[in-house]
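Read through the structure below, which is laid out as structure tokens, and then see the notes.
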Amino acid sequence: MADVVNLNRFRKMRQKEEREKSAEENRVRFGRTKAEKLRERQDAERRKADLDGKKVDGEKVGGEKVGE
């Protein structure tokens with residue numbers, strides 16, 4: 001005969017593992033130092049300025065003419 005299994009224990013164990021996984025993802029996503037955040041923001045601004053400098057006058061980013 002089979003052993004009696006408490007499904008609540010397995011359900012709670014699975015939920016705990018999911019919470020731990022999401023906590024790890026959040027630590028990676030939001031766990032940055034102030035210097036890292038500043039460097040990333042400066043890099044994004046630099047890339048945007050570089051891209052804006054290469055834009056052809058009279059055209060939007062999508063390639064459509066401004067007058068159309």
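We name chains A, B, ... following the order of the structure tokens; residues begin at 1 in each chain, and ligands are numbered from 1 as shown.
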
### Query
Could you write out, as a ChimeraX atom specification, all the residues of chain A that DSSP marks as alpha helix (DSSP H)?
/A:7-30,34-53

Keeping only C-alpha atoms, take the residues you just selected and write them out as a PDB file, in the first residue's frame.
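As written to disk, part26.pdb reads:
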```pdb
ATOM      1  CA  LEU A   7       0.194  17.697  -0.419  1.00  0.00           C
ATOM      2  CA  ASN A   8       0.253  20.932   1.578  1.00  0.00           C
ATOM      3  CA  ARG A   9       3.898  20.342   2.414  1.00  0.00           C
ATOM      4  CA  PHE A  10       4.814  19.980  -1.269  1.00  0.00           C
ATOM      5  CA  ARG A  11       2.709  22.994  -2.239  1.00  0.00           C
ATOM      6  CA  LYS A  12       4.379  25.148   0.417  1.00  0.00           C
ATOM      7  CA  MET A  13       7.815  23.873  -0.573  1.00  0.00           C
ATOM      8  CA  ARG A  14       7.164  24.774  -4.228  1.00  0.00           C
ATOM      9  CA  GLN A  15       5.930  28.257  -3.269  1.00  0.00           C
ATOM     10  CA  LYS A  16       9.010  28.822  -1.127  1.00  0.00           C
ATOM     11  CA  GLU A  17      11.279  27.866  -4.037  1.00  0.00           C
ATOM     12  CA  GLU A  18       9.417  30.269  -6.335  1.00  0.00           C
ATOM     13  CA  ARG A  19       9.770  33.099  -3.796  1.00  0.00           C
ATOM     14  CA  GLU A  20      13.484  32.395  -3.459  1.00  0.00           C
ATOM     15  CA  LYS A  21      13.889  32.423  -7.240  1.00  0.00           C
ATOM     16  CA  SER A  22      12.073  35.752  -7.618  1.00  0.00           C
ATOM     17  CA  ALA A  23      14.108  37.194  -4.723  1.00  0.00           C
ATOM     18  CA  GLU A  24      17.312  36.183  -6.497  1.00  0.00           C
ATOM     19  CA  GLU A  25      16.114  37.827  -9.725  1.00  0.00           C
ATOM     20  CA  ASN A  26      15.272  41.012  -7.825  1.00  0.00           C
ATOM     21  CA  ARG A  27      18.692  41.056  -6.179  1.00  0.00           C
ATOM     22  CA  VAL A  28      20.285  40.885  -9.604  1.00  0.00           C
ATOM     23  CA  ARG A  29      17.957  43.465 -11.137  1.00  0.00           C
ATOM     24  CA  PHE A  30      17.836  46.025  -8.342  1.00  0.00           C
ATOM     25  CA  LYS A  34      25.094  54.046  -6.908  1.00  0.00           C
ATOM     26  CA  ALA A  35      28.196  54.152  -9.120  1.00  0.00           C
ATOM     27  CA  GLU A  36      26.823  51.388 -11.362  1.00  0.00           C
ATOM     28  CA  LYS A  37      23.499  53.211 -11.718  1.00  0.00           C
ATOM     29  CA  LEU A  38      25.271  56.477 -12.543  1.00  0.00           C
ATOM     30  CA  ARG A  39      27.533  54.808 -15.112  1.00  0.00           C
ATOM     31  CA  GLU A  40      24.582  53.095 -16.782  1.00  0.00           C
ATOM     32  CA  ARG A  41      22.610  56.358 -16.939  1.00  0.00           C
ATOM     33  CA  GLN A  42      25.618  58.210 -18.411  1.00  0.00           C
ATOM     34  CA  ASP A  43      26.155  55.464 -21.002  1.00  0.00           C
ATOM     35  CA  ALA A  44      22.478  55.650 -22.027  1.00  0.00           C
ATOM     36  CA  GLU A  45      22.677  59.445 -22.371  1.00  0.00           C
ATOM     37  CA  ARG A  46      25.888  59.127 -24.393  1.00  0.00           C
ATOM     38  CA  ARG A  47      24.311  56.556 -26.743  1.00  0.00           C
ATOM     39  CA  LYS A  48      21.211  58.740 -27.182  1.00  0.00           C
ATOM     40  CA  ALA A  49      23.312  61.832 -27.942  1.00  0.00           C
ATOM     41  CA  ASP A  50      25.414  59.838 -30.412  1.00  0.00           C
ATOM     42  CA  LEU A  51      22.309  58.521 -32.160  1.00  0.00           C
ATOM     43  CA  ASP A  52      20.716  61.979 -32.273  1.00  0.00           C
ATOM     44  CA  GLY A  53      23.926  63.327 -33.813  1.00  0.00           C
TER      45      GLY A  53
END
```
